[in-house]
Amino acid sequence: MSKEQTRRVLPRSFYTRLDATVIARELLGKVIVTSSEEGETAGIIVETEAYMGPDDLACHAHSNRITPRNKTMYDIGGTSYVYICYGMHNLFNAVTGEEGMGHAVLIRAVEPLLNETLMVSRRRKEKISPVITNGPGKLSTALGITKEWNGLDLTDPKSPIIIVDGSLDREFGRIDEGPRVGMSHHTKNCGNFPWRFKYADNKWTSKPDKVSYDW
DNA sequence: CGAATGATCGGCT
DNA sequence: GCCGATCATTCGA
């Protein structure tokens, strides 16, 4: 990563604000940069979901419960929270809020920006297409994110994973809001909170691509 | 210690 | 659209 990009790492103050839905929205268009021995890769965030602490039944931090898995969710905003889902997928979140709050933003899709070749090969595919990064598990594979990167400081330029303000000369258009994905068993209340954010006209977003309240 | 459960994905119909 | 893979994690006995 260039010196110029390093200067644009999102600062702590970006993450420690309230609430997570604001940050989830503002993370759209920002850039995740990862580095490993394999090389450097980067993607533009095009889809996010907010998870908010004790009152959000779908959040790992609901009811303020603390377990070995979710404890980094209570760290200060700007920390990475990576966990294994369905026994095989690494899901990447940016912790938000102050220490102890248990808020985070899940990154659900990115648009490849740097080193498509490495991302395609990590996904064991032949060519670049949205299937490389259009899901939370997929983008982690493409960017080389594993649970070993849980608890890292996303605001430290020396971290293997950081989020920068790409200052991209791009117009991303309208933002869709809708219910979060995978909430079918949370129909009680939190299931239909409109805490999923995505660019309406970007082909790199995940499925289901329809934003609906028909349930 | 055993059973149940996923903030998913990919293959198949 | 449906379904099985696959296992870390959590919870209860």
# chains A, B, ... in the order shown; residues from 1 in each chain; ligands from 1
>>> residues_around(residues="Met52 (chain A)", least_positions_apart="4", cutoff="12 Å", atoms="only C-alpha atoms (C1' of nucleotides)", output="count of residues only")
32
>>> interface_residues(of="chain A", to="chain C", cutoff="9 Å", atoms="only C-alpha atoms (C1' of nucleotides)", output="mmCIF file with N, CA, C and O atoms, in the first residue's frame")
data_model
loop_
_atom_site.group_PDB
_atom_site.id
_atom_site.type_symbol
_atom_site.label_atom_id
_atom_site.label_comp_id
_atom_site.auth_asym_id
_atom_site.auth_seq_id
_atom_site.Cartn_x
_atom_site.Cartn_y
_atom_site.Cartn_z
ATOM 1 N N THR A 67 -18.923 -14.571 25.665
ATOM 2 C CA THR A 67 -18.379 -15.917 25.493
ATOM 3 C C THR A 67 -17.005 -15.766 24.868
ATOM 4 O O THR A 67 -16.638 -14.680 24.406
ATOM 5 N N PRO A 68 -16.213 -16.847 24.851
ATOM 6 C CA PRO A 68 -14.892 -16.748 24.230
ATOM 7 C C PRO A 68 -14.961 -16.251 22.788
ATOM 8 O O PRO A 68 -14.096 -15.513 22.335
ATOM 9 N N ARG A 69 -16.013 -16.672 22.069
ATOM 10 C CA ARG A 69 -16.115 -16.259 20.675
ATOM 11 C C ARG A 69 -16.402 -14.768 20.548
ATOM 12 O O ARG A 69 -15.748 -14.066 19.772
ATOM 13 N N TYR A 83 -15.341 -14.377 12.980
ATOM 14 C CA TYR A 83 -15.759 -15.640 13.598
ATOM 15 C C TYR A 83 -16.140 -16.631 12.514
ATOM 16 O O TYR A 83 -16.368 -16.262 11.354
ATOM 17 N N ILE A 84 -16.185 -17.909 12.914
ATOM 18 C CA ILE A 84 -16.523 -18.968 11.969
ATOM 19 C C ILE A 84 -18.028 -19.192 11.972
ATOM 20 O O ILE A 84 -18.633 -19.346 13.022
ATOM 21 N N CYS A 85 -18.605 -19.205 10.782
ATOM 22 C CA CYS A 85 -20.038 -19.435 10.638
ATOM 23 C C CYS A 85 -20.260 -20.741 9.883
ATOM 24 O O CYS A 85 -19.536 -21.037 8.928
ATOM 25 N N TYR A 86 -21.235 -21.525 10.304
ATOM 26 C CA TYR A 86 -21.529 -22.818 9.685
ATOM 27 C C TYR A 86 -20.286 -23.702 9.617
ATOM 28 O O TYR A 86 -20.131 -24.496 8.695
ATOM 29 N N GLY A 87 -19.422 -23.539 10.582
ATOM 30 C CA GLY A 87 -18.276 -24.423 10.680
ATOM 31 C C GLY A 87 -17.210 -24.253 9.626
ATOM 32 O O GLY A 87 -16.193 -24.948 9.659
ATOM 33 N N MET A 88 -17.384 -23.326 8.684
ATOM 34 C CA MET A 88 -16.403 -23.235 7.601
ATOM 35 C C MET A 88 -16.173 -21.850 7.016
ATOM 36 O O MET A 88 -15.201 -21.658 6.304
#
>>> atom_distance(atom1="CA of Thr141 (chain A)", atom2="CA of Ile32 (chain A)")
13.3 Å
>>> interface_residues(of="chain B", to="chain A", cutoff="8 Å", atoms="only C-alpha atoms (C1' of nucleotides)", output="PyMOL selection string")
chain B and resi 6-9
>>> select_by_dssp(residues="region 155-191 of chain A", states="strand (DSSP E)", output="list in words")
Ile161, Ile162, Ile163, Val164, Ile175, Asp176, Glu177 and Gly178 of chain A
>>> write_last_selection(atoms="all heavy atoms", output="mmCIF file, in the first residue's frame")
data_model
loop_
_atom_site.group_PDB
_atom_site.id
_atom_site.type_symbol
_atom_site.label_atom_id
_atom_site.label_comp_id
_atom_site.auth_asym_id
_atom_site.auth_seq_id
_atom_site.Cartn_x
_atom_site.Cartn_y
_atom_site.Cartn_z
ATOM 1 N N ILE A 161 -4.896 -6.108 8.108
ATOM 2 C CA ILE A 161 -6.196 -5.705 7.554
ATOM 3 C C ILE A 161 -6.551 -4.323 8.084
ATOM 4 O O ILE A 161 -6.535 -4.087 9.286
ATOM 5 C CB ILE A 161 -7.312 -6.729 7.870
ATOM 6 C CG1 ILE A 161 -8.654 -6.241 7.327
ATOM 7 C CG2 ILE A 161 -7.395 -7.039 9.371
ATOM 8 C CD1 ILE A 161 -9.712 -7.312 7.232
ATOM 9 N N ILE A 162 -6.832 -3.416 7.169
ATOM 10 C CA ILE A 162 -7.212 -2.057 7.542
ATOM 11 C C ILE A 162 -8.362 -1.616 6.624
ATOM 12 O O ILE A 162 -8.644 -2.269 5.615
ATOM 13 C CB ILE A 162 -6.050 -1.054 7.378
ATOM 14 C CG1 ILE A 162 -5.552 -1.067 5.935
ATOM 15 C CG2 ILE A 162 -4.905 -1.371 8.349
ATOM 16 C CD1 ILE A 162 -4.472 -0.036 5.657
ATOM 17 N N ILE A 163 -9.026 -0.545 7.018
ATOM 18 C CA ILE A 163 -10.048 0.032 6.148
ATOM 19 C C ILE A 163 -9.668 1.480 5.892
ATOM 20 O O ILE A 163 -9.400 2.236 6.832
ATOM 21 C CB ILE A 163 -11.453 -0.056 6.774
ATOM 22 C CG1 ILE A 163 -11.799 -1.514 7.105
ATOM 23 C CG2 ILE A 163 -12.500 0.528 5.803
ATOM 24 C CD1 ILE A 163 -13.178 -1.703 7.733
ATOM 25 N N VAL A 164 -9.581 1.860 4.613
ATOM 26 C CA VAL A 164 -9.160 3.204 4.251
ATOM 27 C C VAL A 164 -10.267 3.934 3.507
ATOM 28 O O VAL A 164 -11.171 3.322 2.936
ATOM 29 C CB VAL A 164 -7.893 3.174 3.346
ATOM 30 C CG1 VAL A 164 -6.783 2.388 4.024
ATOM 31 C CG2 VAL A 164 -8.200 2.588 1.991
ATOM 32 N N ILE A 175 -28.548 4.183 -2.137
ATOM 33 C CA ILE A 175 -28.335 3.129 -1.148
ATOM 34 C C ILE A 175 -29.677 2.515 -0.771
ATOM 35 O O ILE A 175 -30.618 3.231 -0.438
ATOM 36 C CB ILE A 175 -27.655 3.695 0.122
ATOM 37 C CG1 ILE A 175 -26.234 4.158 -0.210
ATOM 38 C CG2 ILE A 175 -27.647 2.651 1.238
ATOM 39 C CD1 ILE A 175 -25.550 4.880 0.948
ATOM 40 N N ASP A 176 -29.782 1.183 -0.874
ATOM 41 C CA ASP A 176 -30.971 0.456 -0.430
ATOM 42 C C ASP A 176 -30.832 0.093 1.036
ATOM 43 O O ASP A 176 -29.753 -0.283 1.487
ATOM 44 C CB ASP A 176 -31.113 -0.856 -1.221
ATOM 45 C CG ASP A 176 -31.917 -0.674 -2.496
ATOM 46 O OD1 ASP A 176 -32.530 0.388 -2.663
ATOM 47 O OD2 ASP A 176 -31.924 -1.617 -3.309
ATOM 48 N N GLU A 177 -31.943 0.159 1.768
ATOM 49 C CA GLU A 177 -31.977 -0.339 3.141
ATOM 50 C C GLU A 177 -33.001 -1.458 3.189
ATOM 51 O O GLU A 177 -34.023 -1.377 2.528
ATOM 52 C CB GLU A 177 -32.439 0.742 4.118
ATOM 53 C CG GLU A 177 -31.666 2.019 4.038
ATOM 54 C CD GLU A 177 -32.233 3.054 5.001
ATOM 55 O OE1 GLU A 177 -33.117 2.696 5.793
ATOM 56 O OE2 GLU A 177 -31.790 4.198 4.939
ATOM 57 N N GLY A 178 -32.745 -2.477 3.974
ATOM 58 C CA GLY A 178 -33.722 -3.549 4.097
ATOM 59 C C GLY A 178 -33.391 -4.439 5.265
ATOM 60 O O GLY A 178 -32.415 -4.193 5.975
#
>>> residues_around(residues="Ile128 (chain A)", least_positions_apart="2", cutoff="7 Å", atoms="only C-alpha atoms (C1' of nucleotides)", output="list in words")
Glu116, Val120 and Ile132 of chain A
>>> write_last_selection(atoms="C-alpha atoms", output="compact mmCIF listing (two decimals), in the first residue's frame")
# COMPACT_ATOMS: atom_id res chain seq x y z
CA GLU A 116 -8.04 -9.64 -8.77
CA VAL A 120 -9.70 -15.35 -7.98
CA ILE A 132 -15.64 -14.05 -6.09
>>> select_by_dssp(residues="region 53-127 of chain A", states="helix (DSSP H, G or I)", output="mmCIF file with C-alpha atoms, in the first residue's frame")
data_model
loop_
_atom_site.group_PDB
_atom_site.id
_atom_site.type_symbol
_atom_site.label_atom_id
_atom_site.label_comp_id
_atom_site.auth_asym_id
_atom_site.auth_seq_id
_atom_site.Cartn_x
_atom_site.Cartn_y
_atom_site.Cartn_z
ATOM 1 C CA HIS A 62 -27.507 -9.716 22.798
ATOM 2 C CA SER A 63 -28.375 -9.613 26.494
ATOM 3 C CA ASN A 64 -24.766 -8.615 27.138
ATOM 4 C CA ASN A 70 -17.874 -12.914 21.004
ATOM 5 C CA LYS A 71 -15.697 -11.110 23.515
ATOM 6 C CA THR A 72 -13.849 -9.038 20.907
ATOM 7 C CA MET A 73 -17.221 -7.605 19.944
ATOM 8 C CA TYR A 74 -17.027 -5.667 23.201
ATOM 9 C CA GLU A 116 -8.039 -9.639 -8.770
ATOM 10 C CA THR A 117 -5.706 -12.453 -9.800
ATOM 11 C CA LEU A 118 -4.916 -13.395 -6.201
ATOM 12 C CA MET A 119 -8.559 -13.098 -5.142
ATOM 13 C CA VAL A 120 -9.703 -15.351 -7.984
ATOM 14 C CA SER A 121 -7.075 -17.931 -7.139
ATOM 15 C CA ARG A 122 -7.918 -17.929 -3.414
#
>>> atom_distance(atom1="CA of Gly173 (chain A)", atom2="CA of Asp201 (chain A)")
6.9 Å
>>> atom_distance(atom1="CA of Val211 (chain A)", atom2="CA of Phe172 (chain A)")
17.7 Å
